[in-house]
file protein_17.cif (mmCIF, C-alpha atoms and all ligand atoms)
data_model
#
loop_
_atom_site.label_atom_id
_atom_site.label_comp_id
_atom_site.auth_asym_id
_atom_site.auth_seq_id
_atom_site.Cartn_x
_atom_site.Cartn_y
_atom_site.Cartn_z
CA MET I 1 54.47 -21.42 131.33
CA LYS I 2 51.10 -19.82 131.89
CA ILE I 3 51.14 -16.51 133.78
CA SER I 4 48.15 -17.69 135.84
CA GLU I 5 50.39 -20.48 137.23
CA ILE I 6 53.20 -18.00 138.00
CA LEU I 7 50.75 -15.71 139.81
CA GLN I 8 49.42 -18.62 141.81
CA THR I 9 52.87 -19.79 142.90
CA ASN I 10 54.87 -16.60 143.46
CA LYS I 11 54.23 -14.31 146.41
CA LEU I 12 55.46 -11.36 144.37
CA THR I 13 55.95 -11.01 140.62
CA VAL I 14 58.00 -8.34 138.87
CA SER I 15 57.46 -8.13 135.12
CA PHE I 16 58.54 -5.79 132.32
CA GLU I 17 56.86 -4.50 129.18
CA ILE I 18 58.55 -3.59 125.91
CA PHE I 19 57.23 -2.42 122.55
CA PRO I 20 58.17 -3.59 119.05
CA PRO I 21 60.12 -1.31 116.69
CA LYS I 22 58.39 1.22 114.47
CA GLN I 23 60.64 0.24 111.59
CA ASP I 24 62.23 -3.10 110.84
CA SER I 25 65.65 -1.43 110.87
CA ALA I 26 65.29 -1.03 114.64
CA TYR I 27 64.39 -4.69 115.22
CA ASP I 28 67.88 -5.72 116.39
CA ALA I 29 68.00 -2.81 118.83
CA VAL I 30 64.71 -3.96 120.42
CA ILE I 31 65.99 -7.53 120.61
CA GLY I 32 69.14 -6.19 122.31
CA CYS I 33 66.96 -4.35 124.79
CA ALA I 34 64.88 -7.50 125.45
CA ASP I 35 68.09 -9.46 126.06
CA GLU I 36 69.31 -6.91 128.59
CA LEU I 37 65.97 -7.01 130.42
CA VAL I 38 66.04 -10.82 130.47
CA ARG I 39 69.27 -10.57 132.50
CA PHE I 40 67.32 -9.00 135.39
CA ASP I 41 65.34 -12.27 135.65
CA PRO I 42 61.75 -10.95 135.56
CA ASP I 43 58.86 -13.32 136.26
CA PHE I 44 57.66 -12.62 132.73
CA MET I 45 57.87 -10.02 129.98
CA SER I 46 55.13 -8.58 127.79
CA VAL I 47 55.35 -7.23 124.23
CA THR I 48 52.81 -4.64 123.09
CA TYR I 49 50.91 -4.76 119.82
CA GLY I 50 51.12 -1.54 117.86
CA ALA I 51 51.34 0.61 121.01
CA GLY I 52 54.02 3.02 122.21
CA GLY I 53 55.07 3.85 118.66
CA GLY I 54 55.80 0.25 117.63
CA THR I 55 54.04 -1.68 114.89
CA SER I 56 52.20 -4.97 115.40
CA ALA I 57 54.26 -6.92 112.86
CA ASN I 58 57.01 -8.09 115.23
CA THR I 59 55.09 -8.70 118.44
CA VAL I 60 54.95 -12.49 118.08
CA LYS I 61 58.58 -12.72 116.94
CA ILE I 62 59.86 -10.72 119.91
CA ALA I 63 57.67 -12.63 122.39
CA ALA I 64 59.06 -15.89 120.94
CA HIS I 65 62.62 -14.58 121.26
CA ILE I 66 62.07 -13.78 124.96
CA LYS I 67 60.58 -17.23 125.55
CA ASP I 68 63.58 -18.82 123.84
CA ARG I 69 65.79 -16.94 126.33
CA GLY I 70 64.02 -18.79 129.17
CA ILE I 71 61.62 -16.07 130.32
CA THR I 72 57.84 -16.51 130.07
CA SER I 73 56.41 -14.04 127.60
CA ILE I 74 53.00 -12.61 126.85
CA ALA I 75 51.99 -11.10 123.53
CA HIS I 76 49.47 -8.25 123.46
CA LEU I 77 46.74 -8.45 120.83
CA THR I 78 44.18 -5.78 119.91
CA CYS I 79 40.97 -6.39 117.98
CA LEU I 80 38.82 -3.33 117.21
CA SER I 81 40.54 -2.39 113.94
CA SER I 82 41.25 -5.97 112.80
CA THR I 83 39.29 -8.44 110.78
CA THR I 84 38.44 -11.73 112.42
CA SER I 85 40.80 -13.60 110.09
CA GLU I 86 43.70 -11.24 110.96
CA VAL I 87 43.15 -11.93 114.64
CA HIS I 88 42.96 -15.68 114.01
CA ARG I 89 46.18 -15.55 112.00
CA ILE I 90 48.00 -14.03 114.99
CA ILE I 91 46.45 -16.55 117.38
CA GLY I 92 47.69 -19.30 115.02
CA GLU I 93 51.23 -17.83 115.02
CA LEU I 94 51.22 -17.73 118.82
CA LYS I 95 50.15 -21.37 118.95
CA ASP I 96 52.90 -22.32 116.48
CA ARG I 97 55.50 -20.60 118.69
CA ASN I 98 54.10 -22.16 121.87
CA ILE I 99 53.35 -18.80 123.43
CA GLU I 100 50.73 -19.53 126.04
CA ASN I 101 49.81 -16.02 127.20
CA ILE I 102 47.88 -13.22 125.49
CA LEU I 103 46.94 -9.79 126.84
CA ALA I 104 43.64 -9.25 125.03
CA LEU I 105 42.81 -5.62 124.31
CA ARG I 106 40.26 -3.71 122.36
CA GLY I 107 42.75 -1.09 121.12
CA ASP I 108 42.01 2.62 120.84
CA ARG I 109 39.03 3.73 118.79
CA PRO I 110 40.10 5.46 115.54
CA LYS I 111 39.30 9.22 115.44
CA ASP I 112 36.98 8.80 112.40
CA PRO I 113 33.40 9.16 113.78
CA ASP I 114 32.08 6.89 110.97
CA PHE I 115 34.47 4.05 111.87
CA VAL I 116 32.87 0.61 111.66
CA PRO I 117 34.85 -2.32 113.14
CA PRO I 118 35.89 -4.63 110.30
CA GLY I 119 35.71 -7.77 112.45
CA ASP I 120 33.52 -9.41 115.07
CA TYR I 121 34.94 -7.41 117.95
CA ARG I 122 33.47 -4.39 119.76
CA TYR I 123 35.09 -4.85 123.15
CA ALA I 124 38.06 -6.71 124.59
CA SER I 125 35.61 -9.22 126.07
CA ASP I 126 34.65 -10.32 122.51
CA LEU I 127 38.31 -11.04 121.82
CA ILE I 128 38.77 -12.83 125.14
CA ARG I 129 35.87 -15.20 124.37
CA ASP I 130 37.28 -15.84 120.89
CA ILE I 131 40.79 -16.60 122.21
CA ARG I 132 39.36 -18.93 124.85
CA GLU I 133 37.49 -20.85 122.16
CA SER I 134 40.55 -20.93 119.87
CA GLY I 135 43.11 -22.58 122.13
CA ASN I 136 44.52 -23.28 125.55
CA PHE I 137 45.80 -19.77 126.36
CA CYS I 138 46.10 -17.84 129.60
CA VAL I 139 44.34 -14.55 128.83
CA GLY I 140 44.89 -11.25 130.64
CA GLY I 141 43.11 -7.92 130.26
CA ALA I 142 43.66 -4.22 130.94
CA CYS I 143 42.07 -2.20 133.72
CA TYR I 144 41.99 1.47 134.63
CA PRO I 145 42.27 2.53 138.28
CA GLU I 146 41.09 6.04 137.34
CA GLY I 147 38.44 4.74 134.89
CA HIS I 148 38.82 4.21 131.15
CA PRO I 149 38.90 7.65 129.45
CA GLU I 150 35.86 6.82 127.26
CA SER I 151 33.65 5.53 130.01
CA GLY I 152 33.05 8.78 131.94
CA HIS I 153 31.62 6.77 134.83
CA LYS I 154 33.89 4.74 137.11
CA ASP I 155 31.15 2.47 138.40
CA ARG I 156 29.89 1.56 134.91
CA ASP I 157 33.50 0.99 133.83
CA LEU I 158 33.85 -1.51 136.68
CA ASP I 159 30.64 -3.29 135.63
CA ASN I 160 32.16 -3.61 132.13
CA LEU I 161 35.39 -4.85 133.69
CA LYS I 162 33.45 -7.55 135.53
CA LEU I 163 31.93 -8.65 132.18
CA LYS I 164 35.45 -8.80 130.76
CA VAL I 165 36.78 -10.90 133.63
CA ASP I 166 33.77 -13.22 133.37
CA ALA I 167 34.52 -13.66 129.65
CA GLY I 168 37.71 -15.49 130.68
CA CYS I 169 40.39 -13.16 132.02
CA SER I 170 42.84 -14.80 134.41
CA PHE I 171 44.47 -11.55 135.52
CA LEU I 172 44.44 -7.81 134.91
CA THR I 173 47.22 -5.28 134.36
CA THR I 174 46.54 -1.68 135.27
CA GLN I 175 46.99 1.44 133.27
CA MET I 176 49.81 3.59 134.69
CA PHE I 177 49.04 5.69 137.76
CA PHE I 178 51.16 8.09 139.80
CA ASP I 179 49.22 8.15 143.04
CA ASN I 180 49.08 4.75 144.74
CA ASN I 181 45.86 5.71 146.52
CA MET I 182 44.17 5.52 143.10
CA LEU I 183 45.12 1.86 142.92
CA TYR I 184 44.14 1.03 146.50
CA SER I 185 40.72 2.59 146.02
CA PHE I 186 40.28 0.77 142.70
CA LEU I 187 41.21 -2.59 144.23
CA TYR I 188 38.67 -2.10 146.98
CA ARG I 189 35.90 -1.13 144.52
CA ALA I 190 36.80 -3.96 142.13
CA GLN I 191 36.59 -6.50 144.93
CA SER I 192 33.18 -5.21 145.95
CA LYS I 193 32.01 -5.93 142.36
CA GLY I 194 33.23 -9.52 142.66
CA ILE I 195 36.37 -9.02 140.56
CA ASN I 196 38.72 -11.46 142.23
CA VAL I 197 41.48 -12.12 139.69
CA PRO I 198 45.06 -10.93 140.42
CA VAL I 199 45.72 -7.29 139.48
CA LEU I 200 49.23 -6.30 138.39
CA ALA I 201 50.17 -2.68 139.11
CA GLY I 202 51.50 -0.94 135.99
CA ILE I 203 54.34 1.46 136.87
CA MET I 204 55.63 3.95 134.32
CA PRO I 205 58.97 5.56 135.24
CA ILE I 206 58.84 9.07 133.79
CA THR I 207 62.35 10.05 132.79
CA ASN I 208 61.86 13.06 130.50
CA GLY I 209 59.46 15.87 129.70
CA ALA I 210 58.36 14.57 126.28
CA GLN I 211 57.43 11.22 127.81
CA LEU I 212 55.40 13.00 130.48
CA LYS I 213 53.44 14.94 127.84
CA ARG I 214 52.65 11.77 125.90
CA THR I 215 51.74 9.94 129.09
CA ILE I 216 49.21 12.57 130.06
CA GLU I 217 47.69 12.53 126.55
CA LEU I 218 47.38 8.75 126.61
CA SER I 219 46.25 8.03 130.12
CA ASN I 220 44.72 11.16 131.64
CA ALA I 221 46.35 10.04 134.88
CA TYR I 222 46.16 12.22 137.98
CA LEU I 223 49.54 13.77 138.74
CA PRO I 224 50.02 14.39 142.48
CA PRO I 225 51.59 17.70 143.61
CA LYS I 226 54.76 15.89 144.72
CA PHE I 227 55.23 14.53 141.20
CA LEU I 228 54.44 17.89 139.54
CA ALA I 229 56.93 19.66 141.82
CA LEU I 230 59.61 17.23 140.77
CA VAL I 231 58.91 17.83 137.06
CA ASP I 232 58.82 21.58 137.67
CA ARG I 233 62.19 21.50 139.42
CA PHE I 234 64.07 19.03 137.20
CA GLY I 235 62.13 18.93 133.91
CA ASP I 236 64.76 21.03 132.12
CA SER I 237 67.75 18.98 133.34
CA PRO I 238 67.59 15.62 131.49
CA GLU I 239 69.96 13.72 133.78
CA ALA I 240 68.36 15.07 136.96
CA MET I 241 64.85 14.36 135.64
CA LYS I 242 65.84 10.81 134.82
CA GLN I 243 67.21 10.25 138.31
CA ALA I 244 64.16 11.84 139.92
CA GLY I 245 61.78 9.78 137.75
CA ILE I 246 63.56 6.57 138.70
CA ALA I 247 63.41 7.54 142.40
CA TYR I 248 59.68 8.33 142.13
CA ALA I 249 58.89 4.98 140.47
CA THR I 250 61.06 3.19 143.05
CA GLU I 251 59.16 4.83 145.90
CA GLN I 252 55.83 3.94 144.32
CA ILE I 253 56.86 0.29 144.02
CA ILE I 254 58.15 0.07 147.60
CA ASP I 255 54.86 1.48 148.87
CA LEU I 256 52.87 -0.99 146.75
CA ILE I 257 54.85 -4.00 147.96
CA THR I 258 54.65 -2.75 151.56
CA ASN I 259 50.87 -2.60 151.23
CA GLY I 260 50.55 -6.14 149.93
CA VAL I 261 50.37 -5.64 146.15
CA ARG I 262 51.71 -8.85 144.66
CA GLY I 263 52.27 -7.92 141.01
CA ILE I 264 54.53 -5.08 139.80
CA HIS I 265 54.56 -4.55 136.03
CA ILE I 266 57.16 -2.01 134.90
CA TYR I 267 56.53 -0.18 131.63
CA ALA I 268 60.16 -0.49 130.58
CA MET I 269 59.72 1.72 127.48
CA ASN I 270 62.67 -0.13 125.91
CA LYS I 271 65.05 1.49 128.42
CA PRO I 272 66.93 -1.31 130.21
CA ASP I 273 69.19 1.19 132.03
CA VAL I 274 66.15 2.68 133.78
CA VAL I 275 64.80 -0.75 134.74
CA GLN I 276 68.24 -1.84 135.93
CA LYS I 277 68.40 1.12 138.36
CA ILE I 278 64.90 0.48 139.71
CA VAL I 279 65.50 -3.23 140.15
CA SER I 280 68.82 -2.62 141.87
CA ASN I 281 67.19 -0.04 144.19
CA ILE I 282 64.73 -2.68 145.40
CA SER I 283 66.71 -5.90 145.04
CA ASP I 284 66.62 -6.79 148.75
CA ILE I 285 62.98 -5.76 149.02
CA ILE I 286 62.10 -8.12 146.16
CA LYS I 287 64.08 -10.93 147.83
CA ALA I 288 62.31 -10.36 151.16
CA ALA I 289 58.86 -10.26 149.55
CA LYS I 290 59.27 -13.30 147.30
P1 LIG Q 1 37.65 -2.67 126.77
O1 LIG Q 1 37.82 -3.52 127.95
O2 LIG Q 1 36.87 -3.21 125.63
O3 LIG Q 1 36.99 -1.30 127.25
C1 LIG Q 1 36.93 -0.17 126.38
C2 LIG Q 1 35.76 0.74 126.79
O4 LIG Q 1 34.51 0.08 126.50
C3 LIG Q 1 35.71 1.07 128.29
O5 LIG Q 1 35.28 2.39 128.41
C4 LIG Q 1 34.71 0.10 128.84
O6 LIG Q 1 34.07 0.59 130.01
C5 LIG Q 1 33.73 -0.05 127.68
N1 LIG Q 1 33.10 -1.38 127.61
C6 LIG Q 1 33.72 -2.58 127.72
N2 LIG Q 1 32.83 -3.57 127.60
C7 LIG Q 1 31.62 -3.00 127.38
C8 LIG Q 1 30.30 -3.50 127.15
N3 LIG Q 1 30.07 -4.83 127.13
N4 LIG Q 1 29.30 -2.61 126.96
C9 LIG Q 1 29.54 -1.28 126.97
N5 LIG Q 1 30.77 -0.74 127.18
C10 LIG Q 1 31.79 -1.59 127.38
N6 LIG Q 1 46.80 -0.59 123.04
C11 LIG Q 1 47.38 -1.09 121.92
O7 LIG Q 1 47.05 -0.64 120.81
N7 LIG Q 1 48.35 -2.07 121.99
C12 LIG Q 1 48.76 -2.59 123.18
O8 LIG Q 1 49.63 -3.46 123.21
C13 LIG Q 1 48.18 -2.08 124.38
N8 LIG Q 1 48.54 -2.57 125.58
C14 LIG Q 1 47.92 -2.10 126.73
C15 LIG Q 1 48.27 -2.64 127.97
C16 LIG Q 1 47.68 -2.18 129.14
C17 LIG Q 1 48.06 -2.80 130.46
C18 LIG Q 1 46.71 -1.14 129.08
C19 LIG Q 1 46.08 -0.61 130.34
C20 LIG Q 1 46.34 -0.60 127.84
C21 LIG Q 1 46.93 -1.07 126.66
N9 LIG Q 1 46.57 -0.56 125.40
C22 LIG Q 1 47.17 -1.06 124.27
C23 LIG Q 1 45.58 0.51 125.30
C24 LIG Q 1 44.12 -0.04 125.10
O9 LIG Q 1 44.02 -0.68 123.85
C25 LIG Q 1 43.16 1.15 125.18
O10 LIG Q 1 43.17 1.69 126.47
C26 LIG Q 1 41.74 0.91 124.69
O11 LIG Q 1 41.12 2.19 124.57
C27 LIG Q 1 40.87 0.06 125.59
O12 LIG Q 1 41.22 -1.25 125.55
P2 LIG Q 1 40.55 -2.31 126.60
O13 LIG Q 1 41.06 -3.64 126.19
O14 LIG Q 1 40.75 -1.88 127.98
O15 LIG Q 1 39.01 -2.16 126.15
#
call {"tool": "encode", "arguments": {"input": "protein_17.cif", "output": "structure tokens"}}
result
Amino acid sequence: MKISEILQTNKLTVSFEIFPPKQDSAYDAVIGCADELVRFDPDFMSVTYGAGGGTSANTVKIAAHIKDRGITSIAHLTCLSSTTSEVHRIIGELKDRNIENILALRGDRPKDPDFVPPGDYRYASDLIRDIRESGNFCVGGACYPEGHPESGHKDRDLDNLKLKVDAGCSFLTTQMFFDNNMLYSFLYRAQSKGINVPVLAGIMPITNGAQLKRTIELSNAYLPPKFLALVDRFGDSPEAMKQAGIAYATEQIIDLITNGVRGIHIYAMNKPDVVQKIVSNISDIIKAAK
């Protein structure tokens, strides 16, 4: 099923994201994790492409596995460091497996200042246009409530986001954020630019100190004092930090749903136990909002 149809029909969607294994030896473990997440009956599940430590090789396979388990899946695809034929090969594999949804991303720019993209793609919007011309896919894109780290100018970033949506994006998923006001302000500004597609709120449960460090490096997200106090108090006690991180994510989600946000996308980080606790914390809230 296309995610655009799910978003049109359901009053609230709850979705999960997983990443493929770094090494093939861990493939079965990731499949086991996907199977556990499927049991919580998400509206759909996404599989990253070479992000979060995983490689890109197994993205299509894992997305197909999830679909075969009866849950709609979406495969991420990046473009900046790929040749056009590599990208078309993946699009062909997705077609062969009847996967109808792609999250089209640029991917991070390599550190080499002399880097020249090997393919036809400079921005995610180039990929989105290409996917649209290559088949009947539902295409999503990424957005950044606090601005994309490279852009340095929130308003210009939103103008670029509008170009991306106009290229053929049916929905957007946000970068993680830890202060819901960042999202509310972003939604308001996006609407004033004429960006009217559904926006799914990306929630990252932080359950240990190392993850927090990596999160800050990756996203540059603002960390509210309440969150910092929690890390300060429990950061050295793994079990307590995990519980506090789950509680923080739970609270964020409840506030989002209360304020009318209709799409919650949980960065599951291949930790079904964490997702299980969050989902069970809000099970009646989900039922009431659906
Ligand atoms: P773009 O939309 O192309 O934007 C990148 C930058 O270029 C922005 O600063 C933007 O303002 C600017 N820009 C865009 N269009 C134009 C234009 N026409 N003219 C001038 N400037 C422009 N990475 C992975 O490697 N694998 C994944 O699976 C993955 N999944 C992700 C999922 C989500 C929900 C998010 C939020 C990010 C994900 N990423 C992933 C990270 C992503 O690849 C990086 O954040 C990357 O730096 C930007 O990708 P983008 O698609 O947002 O790029």
call {"tool": "residues_around", "arguments": {"input": "protein_17.cif", "residues": "I:Leu158", "least_positions_apart": "4", "cutoff": "12 Å", "atoms": "all atoms listed in the file", "output": "JSON, numbers by chain"}}
result
{"I": [142, 143, 144, 145, 146, 147, 148, 151, 152, 153, 154, 162, 163, 164, 165, 186, 187, 188, 189, 190, 191, 192, 193, 194, 195]}
call {"tool": "residues_near_ligand", "arguments": {"input": "protein_17.cif", "ligand": "ligand LIG 1 (chain Q)", "cutoff": "6 Å", "atoms": "all atoms listed in the file", "output": "list in words"}}
result
Thr48, Tyr49, Gly50, Ala51, His76, Thr78, Leu105, Arg106, Gly107, Asp108, Tyr123, Ala124, Ala142, Cys143, His148, Glu150, Ser151, Asp157, Asn160, Thr173, Thr174 and Gln175 of chain I
call {"tool": "residues_around", "arguments": {"input": "protein_17.cif", "residues": "I:Thr59", "least_positions_apart": "6", "cutoff": "10 Å", "atoms": "only C-alpha atoms", "output": "short mmCIF file (atom, residue, chain, number, x, y, z; two decimals) with C-alpha atoms, in the coordinates of the input"}}
result
data_model
loop_
_atom_site.label_atom_id
_atom_site.label_comp_id
_atom_site.auth_asym_id
_atom_site.auth_seq_id
_atom_site.Cartn_x
_atom_site.Cartn_y
_atom_site.Cartn_z
CA ILE I 18 58.55 -3.59 125.91
CA PHE I 19 57.23 -2.42 122.55
CA PRO I 20 58.17 -3.59 119.05
CA PRO I 21 60.12 -1.31 116.69
CA SER I 46 55.13 -8.58 127.79
CA VAL I 47 55.35 -7.23 124.23
CA THR I 48 52.81 -4.64 123.09
CA TYR I 49 50.91 -4.76 119.82
CA GLY I 50 51.12 -1.54 117.86
CA HIS I 65 62.62 -14.58 121.26
CA ILE I 74 53.00 -12.61 126.85
CA ALA I 75 51.99 -11.10 123.53
CA HIS I 76 49.47 -8.25 123.46
CA LEU I 77 46.74 -8.45 120.83
CA ILE I 90 48.00 -14.03 114.99
CA LEU I 94 51.22 -17.73 118.82
#
call {"tool": "atom_distance", "arguments": {"input": "protein_17.cif", "atom1": "atom CA of I:Arg129", "atom2": "atom CA of I:Leu200"}}
result
21.3 Å
call {"tool": "closest_residue", "arguments": {"input": "protein_17.cif", "among": "I:Asp255, I:Glu17, I:Asp232, I:Glu100", "to": "I:Leu37", "atoms": "all atoms listed in the file"}}
result
I:Glu17
call {"tool": "closest_residue", "arguments": {"input": "protein_17.cif", "among": "I:Gln23, I:Pro118, I:Asn10, I:Asp41", "to": "I:Ser85", "atoms": "only C-alpha atoms"}}
result
I:Pro118
call {"tool": "atom_distance", "arguments": {"input": "protein_17.cif", "atom1": "atom CA of I:Tyr267", "atom2": "atom CA of I:Pro205"}}
result
7.2 Å
call {"tool": "residues_around", "arguments": {"input": "protein_17.cif", "residues": "I:Met241", "least_positions_apart": "6", "cutoff": "12 Å", "atoms": "only C-alpha atoms", "output": "list in words"}}
result
Pro205, Ile206, Thr207, Asn208, Gly209, Ala210, Gln211, Leu212, Phe227, Leu228, Ala229, Leu230, Val231, Asp232, Arg233, Phe234, Gly235, Ala247, Tyr248 and Val274 of chain I
call {"tool": "write_last_selection", "arguments": {"input": "protein_17.cif", "atoms": "C-alpha atoms", "output": "CSV table (one decimal), in the frame of the given file"}}
result
chain,number,residue,atom,x,y,z
I,205,PRO,CA,59.0,5.6,135.2
I,206,ILE,CA,58.8,9.1,133.8
I,207,THR,CA,62.4,10.0,132.8
I,208,ASN,CA,61.9,13.1,130.5
I,209,GLY,CA,59.5,15.9,129.7
I,210,ALA,CA,58.4,14.6,126.3
I,211,GLN,CA,57.4,11.2,127.8
I,212,LEU,CA,55.4,13.0,130.5
I,227,PHE,CA,55.2,14.5,141.2
I,228,LEU,CA,54.4,17.9,139.5
I,229,ALA,CA,56.9,19.7,141.8
I,230,LEU,CA,59.6,17.2,140.8
I,231,VAL,CA,58.9,17.8,137.1
I,232,ASP,CA,58.8,21.6,137.7
I,233,ARG,CA,62.2,21.5,139.4
I,234,PHE,CA,64.1,19.0,137.2
I,235,GLY,CA,62.1,18.9,133.9
I,247,ALA,CA,63.4,7.5,142.4
I,248,TYR,CA,59.7,8.3,142.1
I,274,VAL,CA,66.2,2.7,133.8
call {"tool": "atom_distance", "arguments": {"input": "protein_17.cif", "atom1": "atom CA of I:Arg109", "atom2": "atom CA of I:Leu80"}}
result
7.2 Å
call {"tool": "residues_around", "arguments": {"input": "protein_17.cif", "residues": "I:Tyr27", "least_positions_apart": "3", "cutoff": "12 Å", "atoms": "all atoms listed in the file", "output": "list in words"}}
result
Phe19, Pro20, Pro21, Lys22, Gln23, Asp24, Val30, Ile31, Gly32, Cys33, Ala34, Gly54, Thr55, Ala57, Asn58, Thr59, Lys61, Ile62, His65 and Asn270 of chain I
call {"tool": "write_last_selection", "arguments": {"input": "protein_17.cif", "atoms": "C-alpha atoms", "output": "PDB file, in the frame of the given file"}}
result
ATOM      1  CA  PHE I  19      57.230  -2.420 122.550  1.00  0.00           C
ATOM      2  CA  PRO I  20      58.170  -3.590 119.050  1.00  0.00           C
ATOM      3  CA  PRO I  21      60.120  -1.310 116.690  1.00  0.00           C
ATOM      4  CA  LYS I  22      58.390   1.220 114.470  1.00  0.00           C
ATOM      5  CA  GLN I  23      60.640   0.240 111.590  1.00  0.00           C
ATOM      6  CA  ASP I  24      62.230  -3.100 110.840  1.00  0.00           C
ATOM      7  CA  VAL I  30      64.710  -3.960 120.420  1.00  0.00           C
ATOM      8  CA  ILE I  31      65.990  -7.530 120.610  1.00  0.00           C
ATOM      9  CA  GLY I  32      69.140  -6.190 122.310  1.00  0.00           C
ATOM     10  CA  CYS I  33      66.960  -4.350 124.790  1.00  0.00           C
ATOM     11  CA  ALA I  34      64.880  -7.500 125.450  1.00  0.00           C
ATOM     12  CA  GLY I  54      55.800   0.250 117.630  1.00  0.00           C
ATOM     13  CA  THR I  55      54.040  -1.680 114.890  1.00  0.00           C
ATOM     14  CA  ALA I  57      54.260  -6.920 112.860  1.00  0.00           C
ATOM     15  CA  ASN I  58      57.010  -8.090 115.230  1.00  0.00           C
ATOM     16  CA  THR I  59      55.090  -8.700 118.440  1.00  0.00           C
ATOM     17  CA  LYS I  61      58.580 -12.720 116.940  1.00  0.00           C
ATOM     18  CA  ILE I  62      59.860 -10.720 119.910  1.00  0.00           C
ATOM     19  CA  HIS I  65      62.620 -14.580 121.260  1.00  0.00           C
ATOM     20  CA  ASN I 270      62.670  -0.130 125.910  1.00  0.00           C
TER      21      ASN I 270
END
call {"tool": "residues_around", "arguments": {"input": "protein_17.cif", "residues": "I:Thr9", "least_positions_apart": "5", "cutoff": "12 Å", "atoms": "all atoms listed in the file", "output": "ChimeraX atom specification"}}
result
/I:1-4,43,262,290
call {"tool": "closest_residue", "arguments": {"input": "protein_17.cif", "among": "I:Asp284, I:Glu5, I:Asp68, I:Glu251", "to": "I:Asn101", "atoms": "only C-alpha atoms"}}
result
I:Glu5
call {"tool": "closest_residue", "arguments": {"input": "protein_17.cif", "among": "I:Ile246, I:Ile99, I:Arg122, I:Asn259", "to": "I:Ser280", "atoms": "all atoms listed in the file"}}
result
I:Ile246
call {"tool": "decode", "arguments": {"input": "protein_17.cif", "residues": "stretch 143-154 of chain I", "atoms": "N, CA, C and O atoms", "output": "CSV table (one decimal), in the first residue's frame"}}
result
chain,number,residue,atom,x,y,z
I,143,CYS,N,12.8,16.5,6.4
I,143,CYS,CA,12.7,17.9,6.7
I,143,CYS,C,13.3,18.1,8.1
I,143,CYS,O,13.5,17.2,8.9
I,144,TYR,N,13.7,19.4,8.4
I,144,TYR,CA,14.5,19.7,9.6
I,144,TYR,C,13.9,20.9,10.3
I,144,TYR,O,14.1,22.0,10.0
I,145,PRO,N,13.1,20.5,11.4
I,145,PRO,CA,12.5,21.6,12.2
I,145,PRO,C,13.4,22.7,12.6
I,145,PRO,O,13.1,23.9,12.7
I,146,GLU,N,14.7,22.3,12.9
I,146,GLU,CA,15.7,23.4,13.4
I,146,GLU,C,16.6,23.8,12.2
I,146,GLU,O,17.6,24.5,12.5
I,147,GLY,N,16.2,23.5,11.0
I,147,GLY,CA,17.0,23.9,9.8
I,147,GLY,C,18.0,22.8,9.5
I,147,GLY,O,18.6,22.2,10.5
I,148,HIS,N,18.3,22.5,8.3
I,148,HIS,CA,19.3,21.6,7.9
I,148,HIS,C,20.7,22.2,8.3
I,148,HIS,O,20.9,23.4,8.0
I,149,PRO,N,21.6,21.4,8.9
I,149,PRO,CA,22.9,21.9,9.4
I,149,PRO,C,23.7,22.7,8.4
I,149,PRO,O,24.4,23.6,8.7
I,150,GLU,N,23.6,22.3,7.1
I,150,GLU,CA,24.4,23.0,6.1
I,150,GLU,C,23.8,24.3,5.7
I,150,GLU,O,24.5,25.2,5.1
I,151,SER,N,22.5,24.5,5.9
I,151,SER,CA,21.8,25.6,5.3
I,151,SER,C,22.1,27.0,5.9
I,151,SER,O,22.3,28.0,5.3
I,152,GLY,N,22.3,27.0,7.3
I,152,GLY,CA,22.6,28.2,8.0
I,152,GLY,C,21.6,29.3,8.0
I,152,GLY,O,21.7,30.3,8.5
I,153,HIS,N,20.4,29.0,7.3
I,153,HIS,CA,19.4,30.0,7.2
I,153,HIS,C,18.0,29.3,7.1
I,153,HIS,O,17.7,28.7,6.1
I,154,LYS,N,17.3,29.4,8.2
I,154,LYS,CA,16.0,28.6,8.3
I,154,LYS,C,15.1,28.9,7.1
I,154,LYS,O,14.4,28.0,6.6
